[in-house]
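Colleague: model-v1.txt is reproduced in full below (compact mmCIF, C-alpha atoms).
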# COMPACT_ATOMS: atom_id res chain seq x y z
CA MET A 52 -5.14 -21.06 38.96
CA THR A 53 -5.00 -21.15 35.18
CA THR A 54 -8.33 -21.18 33.42
CA GLU A 55 -9.16 -22.83 30.14
CA ILE A 56 -8.90 -19.42 28.45
CA ASP A 57 -5.37 -18.91 29.85
CA ARG A 58 -4.32 -22.22 28.30
CA GLN A 59 -5.64 -21.36 24.82
CA TRP A 60 -2.85 -20.96 22.27
CA THR A 61 -4.28 -17.62 21.15
CA THR A 62 -4.11 -16.26 24.72
CA ARG A 63 -0.57 -17.54 25.24
CA LEU A 64 0.57 -16.16 21.86
CA ARG A 65 -0.96 -12.73 22.57
CA LYS A 66 0.65 -12.55 26.02
CA THR A 67 4.07 -13.55 24.66
CA VAL A 68 3.88 -11.04 21.78
CA VAL A 69 2.71 -8.14 23.97
CA GLU A 70 5.34 -8.96 26.60
CA LYS A 71 8.21 -9.14 24.08
CA LEU A 72 7.03 -6.31 21.88
CA PRO A 73 4.75 -3.80 23.62
CA PRO A 74 3.24 -1.15 21.28
CA GLU A 75 5.61 1.58 22.52
CA LYS A 76 8.57 -0.62 21.51
CA LEU A 77 7.02 -1.63 18.18
CA LEU A 78 6.54 2.00 17.13
CA PRO A 79 8.72 4.12 19.44
CA ASP A 80 8.37 7.91 19.62
CA THR A 81 12.09 8.56 20.12
CA GLN A 82 15.40 6.85 19.47
CA PRO A 83 18.59 6.96 21.55
CA ALA A 84 20.80 10.05 20.97
CA TYR A 85 23.53 8.00 19.26
CA VAL A 86 21.15 7.18 16.40
CA ALA A 87 21.48 10.82 15.22
CA SER A 88 24.17 9.93 12.66
CA TRP A 89 24.04 9.49 8.88
CA ILE A 90 25.33 5.93 9.22
CA TYR A 91 21.98 4.92 10.77
CA VAL A 92 19.87 6.07 7.79
CA PHE A 93 20.88 3.31 5.36
CA GLY A 94 18.68 0.61 6.87
CA VAL A 95 15.53 2.68 6.41
CA THR A 96 16.76 3.81 2.96
CA THR A 97 16.94 0.12 2.00
CA LEU A 98 13.43 -0.35 3.37
CA ALA A 99 12.09 2.63 1.37
CA ALA A 100 13.78 1.35 -1.80
CA LEU A 101 12.25 -2.09 -1.21
CA GLY A 102 8.82 -0.42 -1.05
CA ILE A 103 9.40 1.23 -4.47
CA VAL A 104 10.77 -2.06 -5.90
CA ILE A 105 7.60 -3.89 -4.83
CA ALA A 106 5.22 -1.13 -5.98
CA THR A 107 6.83 -0.83 -9.44
CA GLY A 108 7.08 -4.63 -9.66
CA CYS A 109 3.31 -4.86 -9.07
CA VAL A 110 2.68 -2.38 -11.91
CA LEU A 111 4.99 -4.37 -14.23
CA ALA A 112 3.20 -7.60 -13.27
CA MET A 113 -0.20 -6.05 -14.05
CA LYS A 114 0.82 -4.74 -17.47
CA GLY A 115 3.20 -7.46 -18.73
CA PRO A 116 6.36 -7.66 -20.91
CA LEU A 117 5.00 -6.09 -24.13
CA TRP A 118 4.07 -2.97 -22.17
CA TRP A 119 7.45 -2.58 -20.44
CA HIS A 120 9.32 -3.25 -23.72
CA LEU A 121 7.28 -1.13 -26.12
CA SER A 122 5.57 1.79 -24.37
CA SER A 123 7.19 4.93 -22.96
CA THR A 124 5.35 4.58 -19.65
CA GLY A 125 6.39 0.93 -19.55
CA HIS A 126 10.05 1.91 -20.08
CA PHE A 127 9.71 4.48 -17.33
CA VAL A 128 8.23 2.07 -14.77
CA ASN A 129 10.77 -0.58 -15.79
CA SER A 130 13.55 1.97 -15.18
CA LEU A 131 12.04 2.92 -11.82
CA HIS A 132 12.07 -0.80 -10.93
CA LEU A 133 15.73 -1.17 -11.97
CA TRP A 134 16.98 2.03 -10.33
CA SER A 135 15.14 1.40 -7.07
CA VAL A 136 16.90 -1.99 -7.02
CA GLU A 137 20.23 -0.18 -7.56
CA ILE A 138 19.47 2.15 -4.61
CA PHE A 139 18.27 -0.85 -2.58
CA PHE A 140 21.59 -2.70 -2.98
CA PHE A 141 23.67 0.50 -2.69
CA ALA A 142 22.05 1.36 0.66
CA MET A 143 21.99 -2.24 1.86
CA VAL A 144 25.75 -2.70 1.32
CA ILE A 145 26.55 0.55 3.19
CA HIS A 146 24.13 -0.57 5.95
CA LEU A 147 26.02 -3.89 6.05
CA TRP A 148 29.45 -2.17 6.27
CA GLY A 149 28.20 0.13 9.04
CA LYS A 150 26.73 -2.73 11.06
CA TYR A 151 29.80 -4.91 10.50
CA PHE A 152 32.18 -2.28 11.91
CA MET A 153 29.75 -1.63 14.80
CA ALA A 154 29.71 -5.40 15.51
CA ALA A 155 25.93 -5.05 15.47
CA TRP A 156 25.43 -8.64 16.68
CA ARG A 157 26.44 -7.52 20.22
CA GLY A 158 23.98 -7.63 23.11
CA GLY A 159 21.97 -10.66 22.00
CA ARG A 160 21.38 -9.26 18.50
CA GLN A 161 22.66 -12.40 16.71
CA LEU A 162 19.31 -13.09 15.05
CA THR A 163 19.07 -9.50 13.78
CA TRP A 164 22.45 -10.01 12.10
CA VAL A 165 21.65 -13.50 10.78
CA THR A 166 18.26 -12.48 9.32
CA GLY A 167 20.04 -9.56 7.63
CA VAL A 168 22.63 -11.88 6.09
CA VAL A 169 19.96 -14.29 4.81
CA LEU A 170 17.96 -11.32 3.52
CA PHE A 171 21.02 -10.07 1.63
CA LEU A 172 21.48 -13.48 -0.03
CA THR A 173 17.74 -13.70 -0.82
CA SER A 174 17.89 -10.25 -2.42
CA ILE A 175 20.81 -11.30 -4.62
CA GLY A 176 18.67 -14.25 -5.77
CA ALA A 177 15.73 -11.90 -6.41
CA GLY A 178 17.99 -9.53 -8.38
CA PHE A 179 19.46 -12.38 -10.41
CA THR A 180 16.07 -13.93 -11.30
CA GLY A 181 14.92 -10.42 -12.26
CA TYR A 182 17.81 -10.05 -14.70
CA VAL A 183 16.97 -13.38 -16.37
CA SER A 184 13.21 -12.53 -16.48
CA GLN A 185 13.54 -9.37 -18.58
CA THR A 186 12.64 -11.28 -21.81
CA ASN A 187 15.28 -9.58 -23.97
CA TYR A 188 18.74 -10.40 -25.36
CA ASP A 189 20.33 -9.29 -22.11
CA SER A 190 18.36 -11.88 -20.10
CA GLN A 191 19.12 -14.57 -22.71
CA TRP A 192 22.83 -13.81 -22.46
CA ILE A 193 22.85 -13.78 -18.65
CA SER A 194 20.87 -17.04 -18.38
CA THR A 195 23.01 -18.93 -20.92
CA GLN A 196 26.15 -17.80 -19.08
CA ALA A 197 24.69 -18.49 -15.61
CA LYS A 198 23.44 -21.99 -16.47
CA ASP A 199 27.01 -23.32 -16.57
CA GLY A 200 27.75 -21.88 -13.15
CA ILE A 201 24.52 -23.23 -11.64
CA ASN A 202 25.00 -26.64 -13.31
CA ALA A 203 28.56 -26.82 -11.95
CA THR A 204 27.11 -26.60 -8.43
CA GLY A 205 24.55 -29.34 -9.17
CA GLY A 206 21.72 -26.86 -8.61
CA GLY A 207 20.60 -26.91 -12.24
CA ALA A 208 18.48 -30.02 -11.60
CA PHE A 209 15.90 -28.01 -9.68
CA PHE A 210 16.81 -24.41 -10.53
CA ASN A 211 16.91 -24.10 -14.31
CA VAL A 212 17.90 -20.55 -15.26
CA LEU A 213 16.91 -21.19 -18.90
CA ASN A 214 13.32 -21.90 -17.80
CA LEU A 215 11.75 -18.44 -18.06
CA GLY A 216 8.48 -19.48 -16.39
CA GLN A 217 10.33 -20.91 -13.38
CA MET A 218 12.65 -17.88 -13.07
CA LEU A 219 9.73 -15.44 -13.33
CA MET A 220 7.82 -17.30 -10.58
CA TRP A 221 10.87 -17.26 -8.32
CA HIS A 222 11.27 -13.56 -9.08
CA ILE A 223 7.69 -12.40 -8.56
CA VAL A 224 6.37 -14.89 -5.97
CA LEU A 225 8.86 -16.96 -3.94
CA LEU A 226 11.77 -14.57 -3.46
CA PRO A 227 9.67 -11.42 -2.82
CA LEU A 228 7.63 -13.38 -0.24
CA ALA A 229 10.85 -14.53 1.43
CA ALA A 230 12.39 -11.04 1.24
CA VAL A 231 9.32 -9.32 2.74
CA ALA A 232 8.96 -11.96 5.48
CA LEU A 233 12.66 -11.72 6.37
CA THR A 234 12.51 -7.91 6.34
CA ALA A 235 9.57 -8.04 8.76
CA VAL A 236 11.43 -10.42 11.09
CA HIS A 237 14.63 -8.33 10.80
CA VAL A 238 12.81 -5.09 11.69
CA ILE A 239 10.92 -6.79 14.55
CA TYR A 240 14.24 -8.00 16.00
CA VAL A 241 15.59 -4.43 15.73
CA ARG A 242 12.50 -3.25 17.64
CA ILE A 243 12.80 -5.95 20.32
CA LYS A 244 16.53 -5.55 20.95
CA GLY A 245 16.85 -1.87 19.98
CA VAL A 246 19.44 -0.22 17.72
CA VAL A 247 22.95 -1.39 18.62
CA PRO A 248 24.76 1.26 20.74
CA PRO A 249 28.28 2.48 19.90
CA PHE A 250 31.10 0.68 21.77
CA GLU A 251 31.64 3.58 24.20
CA GLU A 252 27.90 3.72 25.10
CA GLU A 253 27.90 0.02 25.97
CA LYS A 254 30.60 0.33 28.65
CA MET B 234 18.28 19.95 -27.71
CA GLY B 235 15.78 18.01 -25.62
CA LEU B 236 16.55 16.44 -22.26
CA THR B 237 16.68 12.96 -23.80
CA GLU B 238 19.32 14.02 -26.35
CA PHE B 239 21.29 15.91 -23.69
CA PHE B 240 21.48 12.99 -21.24
CA GLY B 241 21.96 10.58 -24.15
CA ALA B 242 25.05 12.57 -25.19
CA VAL B 243 26.45 12.80 -21.64
CA PHE B 244 25.78 9.17 -20.70
CA ASN B 245 26.27 7.44 -24.03
CA LEU B 246 25.92 3.74 -23.27
CA ASP B 247 25.66 2.67 -26.92
CA HIS B 248 29.03 0.94 -27.02
CA VAL B 249 30.77 -2.18 -25.75
CA GLY B 250 31.30 -2.02 -21.97
CA LYS B 251 34.71 -0.92 -20.66
CA TYR B 252 36.49 -3.25 -18.22
CA ILE B 253 39.33 -2.93 -15.74
CA HIS B 254 41.77 -5.86 -15.82
CA TRP B 255 43.89 -6.27 -12.70
CA GLY B 256 45.54 -9.68 -12.52
CA PHE B 257 42.73 -12.20 -12.29
CA ILE B 258 40.25 -9.46 -11.34
CA GLN B 259 38.00 -8.21 -14.14
CA LEU B 260 35.60 -5.44 -13.25
CA SER B 261 33.39 -3.23 -15.41
CA VAL B 262 34.12 0.49 -15.16
CA SER B 263 30.47 1.15 -14.19
CA ASN B 264 30.73 -1.32 -11.28
CA ALA B 265 34.07 0.18 -10.20
CA ILE B 266 32.48 3.68 -10.18
CA LEU B 267 29.55 2.34 -8.16
CA ILE B 268 31.87 0.71 -5.57
CA ALA B 269 33.89 3.94 -5.32
CA LEU B 270 30.64 5.91 -4.78
CA MET B 271 29.61 3.47 -2.04
CA ILE B 272 32.94 3.91 -0.24
CA VAL B 273 32.68 7.72 -0.55
CA THR B 274 29.07 7.62 0.78
CA PHE B 275 30.11 5.35 3.66
CA ILE B 276 32.98 7.62 4.74
CA SER B 277 30.80 10.75 4.32
CA ALA B 278 28.09 9.16 6.50
CA LEU B 279 30.66 8.67 9.27
CA LEU B 280 32.14 12.17 9.04
CA LEU B 281 29.31 14.55 8.10
CA PRO B 282 27.35 16.10 10.98
CA PHE B 283 23.75 14.96 11.32
CA PRO B 284 21.19 17.81 11.29
CA GLY B 285 19.63 18.55 14.69
CA LYS B 286 22.06 16.32 16.60
CA ARG B 287 22.88 19.03 19.16
CA ASN B 288 19.21 19.36 20.20
CA ARG B 289 18.88 15.63 20.74
CA LYS B 290 21.95 15.08 22.91
CA GLU B 291 19.92 14.92 26.10
CA GLY B 292 17.07 12.93 24.59
CA LYS B 293 16.64 9.21 24.59
Go ahead and render the structure in this file as structure tokens.
Modeller:
Amino acid sequence: MTTEIDRQWTTRLRKTVVEKLPPEKLLPDTQPAYVASWIYVFGVTTLAALGIVIATGCVLAMKGPLWWHLSSTGHFVNSLHLWSVEIFFFAMVIHLWGKYFMAAWRGGRQLTWVTGVVLFLTSIGAGFTGYVSQTNYDSQWISTQAKDGINATGGGAFFNVLNLGQMLMWHIVLLPLAAVALTAVHVIYVRIKGVVPPFEEEK
Amino acid sequence: MGLTEFFGAVFNLDHVGKYIHWGFIQLSVSNAILIALMIVTFISALLLPFPGKRNRKEGK
């Protein structure tokens, strides 16, 4: 007989979460033997780079444009932000190639693949809005070139790349929130379904 | 010569960017180098042995 407590949404949610993702699956002590290959390190490299991107981005947000344009420490943190983004995309693309050739959507892992694809597109948006938020000649050039492309798609009506305030908000609020949320979902799916095995292991 | 001058001389970026033109494809040299590095890293990741793999063979 189900009690009132069993019917509570908090009880049902907790039971579902614990059933789908028990603690030993959420943070496993070991991984399957086939994971001992360099090709499996690029996902976590991307994750580490994302951590540095966010940390340096927070410092840049605290100090502001004059600091990152004019002071040596500002230049340094700005460079850390840029280069961690370079490593982020570098590792993410190799991760994507690896997973593509492994057909990593096998074994009910479709949502892991799909969240990864959407995350990739979100990251491109975050990178782009970052380039147009630099507040220098480079960002002016990129935004005046990009506006024609965006306007040609009809997107310029609600996404105006010449509007610095709007681009900065997309860059430091909306897209990072989306990227972090998608990363969390992506990693949780990896934990639920496990790392995709090589073709020969699956047989 | 300080480190800044040394790296500034090796990686002098104070000029107009160089581009590769291949039919309708136009690609900056820096992007082409980056793509080549990604391909090299990808192939190396597939071929290079992973440290400690032998000890893990039995493990799950």
Colleague: Can you write out as CSV which residues of chain A fall within 7 Å of chain B, alongside each residue's closest atom pair and its distance in Å to one decimal, counting only C-alpha atoms and ordering rows by chain and ascending residue number?
Modeller:
residue,atom,partner,partner_atom,distance
A:Thr81,CA,B:Lys293,CA,6.4
A:Gln82,CA,B:Lys293,CA,5.8
A:Pro83,CA,B:Lys293,CA,4.3
A:Ala84,CA,B:Lys290,CA,5.5
A:Ala87,CA,B:Lys286,CA,5.7
A:Ser88,CA,B:Phe283,CA,5.2
A:Trp89,CA,B:Ala278,CA,4.7
A:Ile90,CA,B:Ala278,CA,5.0
A:Phe141,CA,B:Met271,CA,6.7
A:Ile145,CA,B:Phe275,CA,6.0
Colleague: Determine, for each residue of range 114-182 of chain A having at least one atom at most 10 Å from an atom of range 223-244 of chain A, the closest pair of atoms and their separation in Å to one decimal, counting all atoms listed in the file; order by chain and ascending number, as a Markdown table.
Modeller:
| residue | atom | partner | partner_atom | distance |
| --- | --- | --- | --- | --- |
| A:Gly158 | CA | A:Lys244 | CA | 8.0 |
| A:Gly159 | CA | A:Lys244 | CA | 7.5 |
| A:Arg160 | CA | A:Lys244 | CA | 6.6 |
| A:Gln161 | CA | A:Tyr240 | CA | 9.5 |
| A:Leu162 | CA | A:Tyr240 | CA | 7.2 |
| A:Thr163 | CA | A:His237 | CA | 5.5 |
| A:Trp164 | CA | A:His237 | CA | 8.1 |
| A:Val165 | CA | A:His237 | CA | 8.7 |
| A:Thr166 | CA | A:His237 | CA | 5.7 |
| A:Gly167 | CA | A:His237 | CA | 6.4 |
| A:Val168 | CA | A:His237 | CA | 9.9 |
| A:Val169 | CA | A:Leu233 | CA | 7.9 |
| A:Leu170 | CA | A:Ala230 | CA | 6.0 |
| A:Phe171 | CA | A:Ala230 | CA | 8.7 |
| A:Leu172 | CA | A:Ala230 | CA | 9.5 |
| A:Thr173 | CA | A:Ala230 | CA | 6.3 |
| A:Ser174 | CA | A:Ala230 | CA | 6.7 |
| A:Ile175 | CA | A:Leu226 | CA | 9.7 |
| A:Gly176 | CA | A:Leu226 | CA | 7.3 |
| A:Ala177 | CA | A:Leu226 | CA | 5.6 |
| A:Gly178 | CA | A:Leu226 | CA | 9.4 |
| A:Thr180 | CA | A:Ile223 | CA | 8.9 |
| A:Gly181 | CA | A:Ile223 | CA | 8.4 |
Colleague: Using only C-alpha atoms, find the one residue out of A:Thr53, A:Thr124, A:Asn129, A:Ser135 that sits nearest to Leu111 in chain A.
Modeller: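 Of A:Thr53, A:Thr124, A:Asn129, A:Ser135, the one nearest Leu111 in chain A, counting only C-alpha atoms, is A:Asn129.
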Colleague: Give me, please, the distance in Å between CA of Leu215 in chain A and CA of Asn187 in chain A, quoted to one decimal.
Modeller: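 Interatomic distance, CA of Leu215 in chain A to CA of Asn187 in chain A: 11.2 Å.
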Colleague: Which distance in Å separates CA of Val262 in chain B and CA of Ile201 in chain A, to one decimal?
Modeller: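 Interatomic distance here is 25.8 Å.
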Colleague: Can you pull out the residues contacting Gly250 in chain B? Cut-off 10 Å, using only C-alpha atoms, and skip same-chain residues under 3 positions away; I want them as a list in words.
Modeller: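 Once the adjacent positions are removed, what remains is Leu246, Asp247, Ser261, Val262 and Ser263 of chain B.
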Colleague: Using the file's own x, y and z axes, so that the box edges lie along x, y and z, what centre and edge lengths in Å (one decimal) does a box around every listed atom of range 262-267 of chain B get when 5 Å is added on each side? Give it as lines of an AutoDock Vina configuration file.
Modeller:
center_x = 31.8
center_y = 1.2
center_z = -11.7
size_x = 14.6
size_y = 15.0
size_z = 17.0
Colleague: For Gln196 in chain A, which residue out of A:Val212, A:Val136, A:Val247, A:Met113 is the nearest one, using all atoms listed in the file?
Modeller: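 Looking at the shortest contact to Gln196 in chain A, the residue is A:Val212.
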Colleague: By how many Å are CA of Tyr91 in chain A and CA of Ile138 in chain A apart?
Modeller: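 One can read the CA of Tyr91 in chain A to CA of Ile138 in chain A distance as 15.8 Å.
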Colleague: Can you pull out the residues contacting Val183 in chain A? Cut-off 7 Å, using only C-alpha atoms, and skip same-chain residues under 6 positions away; I want them as a list of chain:residue names.
Modeller: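 Contacts, with the query itself left out: A:Ser190, A:Gln191, A:Ile193, A:Ser194.
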Colleague: Working from the structure I just supplied, which lacks atoms in range 238-268 of chain B, can you model N, CA and C atoms there and output them as a PDB file, keeping the file's coordinate frame?
Modeller:
ATOM      1  N   GLU B 238      18.090  13.938 -25.550  1.00  0.00           N
ATOM      2  CA  GLU B 238      19.320  14.020 -26.350  1.00  0.00           C
ATOM      3  C   GLU B 238      20.497  14.440 -25.475  1.00  0.00           C
ATOM      4  N   PHE B 239      20.222  15.394 -24.552  1.00  0.00           N
ATOM      5  CA  PHE B 239      21.290  15.910 -23.690  1.00  0.00           C
ATOM      6  C   PHE B 239      21.877  14.777 -22.834  1.00  0.00           C
ATOM      7  N   PHE B 240      20.991  14.062 -22.119  1.00  0.00           N
ATOM      8  CA  PHE B 240      21.480  12.990 -21.240  1.00  0.00           C
ATOM      9  C   PHE B 240      22.051  11.837 -22.065  1.00  0.00           C
ATOM     10  N   GLY B 241      21.459  11.622 -23.261  1.00  0.00           N
ATOM     11  CA  GLY B 241      21.960  10.580 -24.150  1.00  0.00           C
ATOM     12  C   GLY B 241      23.391  10.869 -24.581  1.00  0.00           C
ATOM     13  N   ALA B 242      23.702  12.187 -24.775  1.00  0.00           N
ATOM     14  CA  ALA B 242      25.050  12.570 -25.190  1.00  0.00           C
ATOM     15  C   ALA B 242      26.034  12.460 -24.019  1.00  0.00           C
ATOM     16  N   VAL B 243      25.560  12.829 -22.818  1.00  0.00           N
ATOM     17  CA  VAL B 243      26.450  12.800 -21.640  1.00  0.00           C
ATOM     18  C   VAL B 243      26.724  11.360 -21.214  1.00  0.00           C
ATOM     19  N   PHE B 244      25.641  10.565 -21.147  1.00  0.00           N
ATOM     20  CA  PHE B 244      25.780   9.170 -20.700  1.00  0.00           C
ATOM     21  C   PHE B 244      25.547   8.244 -21.889  1.00  0.00           C
ATOM     22  N   ASN B 245      26.440   8.289 -22.852  1.00  0.00           N
ATOM     23  CA  ASN B 245      26.270   7.440 -24.030  1.00  0.00           C
ATOM     24  C   ASN B 245      26.658   5.996 -23.692  1.00  0.00           C
ATOM     25  N   LEU B 246      25.658   5.136 -23.640  1.00  0.00           N
ATOM     26  CA  LEU B 246      25.920   3.740 -23.270  1.00  0.00           C
ATOM     27  C   LEU B 246      25.881   2.833 -24.500  1.00  0.00           C
ATOM     28  N   ASP B 247      25.808   3.456 -25.700  1.00  0.00           N
ATOM     29  CA  ASP B 247      25.660   2.670 -26.920  1.00  0.00           C
ATOM     30  C   ASP B 247      27.031   2.204 -27.442  1.00  0.00           C
ATOM     31  N   HIS B 248      27.738   1.495 -26.597  1.00  0.00           N
ATOM     32  CA  HIS B 248      29.030   0.940 -27.020  1.00  0.00           C
ATOM     33  C   HIS B 248      29.342  -0.272 -26.150  1.00  0.00           C
ATOM     34  N   VAL B 249      30.380  -1.006 -26.530  1.00  0.00           N
ATOM     35  CA  VAL B 249      30.770  -2.180 -25.750  1.00  0.00           C
ATOM     36  C   VAL B 249      31.281  -1.710 -24.384  1.00  0.00           C
ATOM     37  N   GLY B 250      30.908  -2.418 -23.315  1.00  0.00           N
ATOM     38  CA  GLY B 250      31.300  -2.020 -21.970  1.00  0.00           C
ATOM     39  C   GLY B 250      32.814  -1.981 -21.775  1.00  0.00           C
ATOM     40  N   LYS B 251      33.263  -1.017 -20.932  1.00  0.00           N
ATOM     41  CA  LYS B 251      34.710  -0.920 -20.660  1.00  0.00           C
ATOM     42  C   LYS B 251      35.003  -1.704 -19.377  1.00  0.00           C
ATOM     43  N   TYR B 252      36.134  -2.397 -19.361  1.00  0.00           N
ATOM     44  CA  TYR B 252      36.490  -3.250 -18.220  1.00  0.00           C
ATOM     45  C   TYR B 252      37.869  -2.920 -17.686  1.00  0.00           C
ATOM     46  N   ILE B 253      38.028  -3.096 -16.380  1.00  0.00           N
ATOM     47  CA  ILE B 253      39.330  -2.930 -15.740  1.00  0.00           C
ATOM     48  C   ILE B 253      39.905  -4.345 -15.547  1.00  0.00           C
ATOM     49  N   HIS B 254      41.115  -4.560 -16.000  1.00  0.00           N
ATOM     50  CA  HIS B 254      41.770  -5.860 -15.820  1.00  0.00           C
ATOM     51  C   HIS B 254      42.916  -5.671 -14.838  1.00  0.00           C
ATOM     52  N   TRP B 255      42.866  -6.402 -13.740  1.00  0.00           N
ATOM     53  CA  TRP B 255      43.890  -6.270 -12.700  1.00  0.00           C
ATOM     54  C   TRP B 255      44.208  -7.678 -12.218  1.00  0.00           C
ATOM     55  N   GLY B 256      45.249  -8.275 -12.816  1.00  0.00           N
ATOM     56  CA  GLY B 256      45.540  -9.680 -12.520  1.00  0.00           C
ATOM     57  C   GLY B 256      44.365 -10.537 -12.911  1.00  0.00           C
ATOM     58  N   PHE B 257      43.885 -11.350 -11.992  1.00  0.00           N
ATOM     59  CA  PHE B 257      42.730 -12.200 -12.290  1.00  0.00           C
ATOM     60  C   PHE B 257      41.411 -11.466 -12.071  1.00  0.00           C
ATOM     61  N   ILE B 258      41.481 -10.224 -11.597  1.00  0.00           N
ATOM     62  CA  ILE B 258      40.250  -9.460 -11.340  1.00  0.00           C
ATOM     63  C   ILE B 258      39.817  -8.731 -12.616  1.00  0.00           C
ATOM     64  N   GLN B 259      38.564  -8.934 -12.994  1.00  0.00           N
ATOM     65  CA  GLN B 259      38.000  -8.210 -14.140  1.00  0.00           C
ATOM     66  C   GLN B 259      36.724  -7.535 -13.675  1.00  0.00           C
ATOM     67  N   LEU B 260      36.689  -6.222 -13.839  1.00  0.00           N
ATOM     68  CA  LEU B 260      35.600  -5.440 -13.250  1.00  0.00           C
ATOM     69  C   LEU B 260      35.159  -4.395 -14.270  1.00  0.00           C
ATOM     70  N   SER B 261      33.847  -4.262 -14.468  1.00  0.00           N
ATOM     71  CA  SER B 261      33.390  -3.230 -15.410  1.00  0.00           C
ATOM     72  C   SER B 261      33.604  -1.858 -14.789  1.00  0.00           C
ATOM     73  N   VAL B 262      33.862  -0.869 -15.649  1.00  0.00           N
ATOM     74  CA  VAL B 262      34.120   0.490 -15.160  1.00  0.00           C
ATOM     75  C   VAL B 262      32.902   0.997 -14.382  1.00  0.00           C
ATOM     76  N   SER B 263      31.675   0.671 -14.887  1.00  0.00           N
ATOM     77  CA  SER B 263      30.470   1.150 -14.190  1.00  0.00           C
ATOM     78  C   SER B 263      30.390   0.568 -12.779  1.00  0.00           C
ATOM     79  N   ASN B 264      30.746  -0.715 -12.623  1.00  0.00           N
ATOM     80  CA  ASN B 264      30.730  -1.320 -11.280  1.00  0.00           C
ATOM     81  C   ASN B 264      31.805  -0.713 -10.389  1.00  0.00           C
ATOM     82  N   ALA B 265      32.979  -0.429 -10.982  1.00  0.00           N
ATOM     83  CA  ALA B 265      34.070   0.180 -10.200  1.00  0.00           C
ATOM     84  C   ALA B 265      33.639   1.556  -9.698  1.00  0.00           C
ATOM     85  N   ILE B 266      32.955   2.338 -10.575  1.00  0.00           N
ATOM     86  CA  ILE B 266      32.480   3.680 -10.180  1.00  0.00           C
ATOM     87  C   ILE B 266      31.474   3.541  -9.035  1.00  0.00           C
ATOM     88  N   LEU B 267      30.581   2.554  -9.173  1.00  0.00           N
ATOM     89  CA  LEU B 267      29.550   2.340  -8.160  1.00  0.00           C
ATOM     90  C   LEU B 267      30.177   1.980  -6.801  1.00  0.00           C
ATOM     91  N   ILE B 268      31.194   1.109  -6.820  1.00  0.00           N
ATOM     92  CA  ILE B 268      31.870   0.710  -5.570  1.00  0.00           C
ATOM     93  C   ILE B 268      32.561   1.926  -4.952  1.00  0.00           C
TER      94      ILE B 268
END
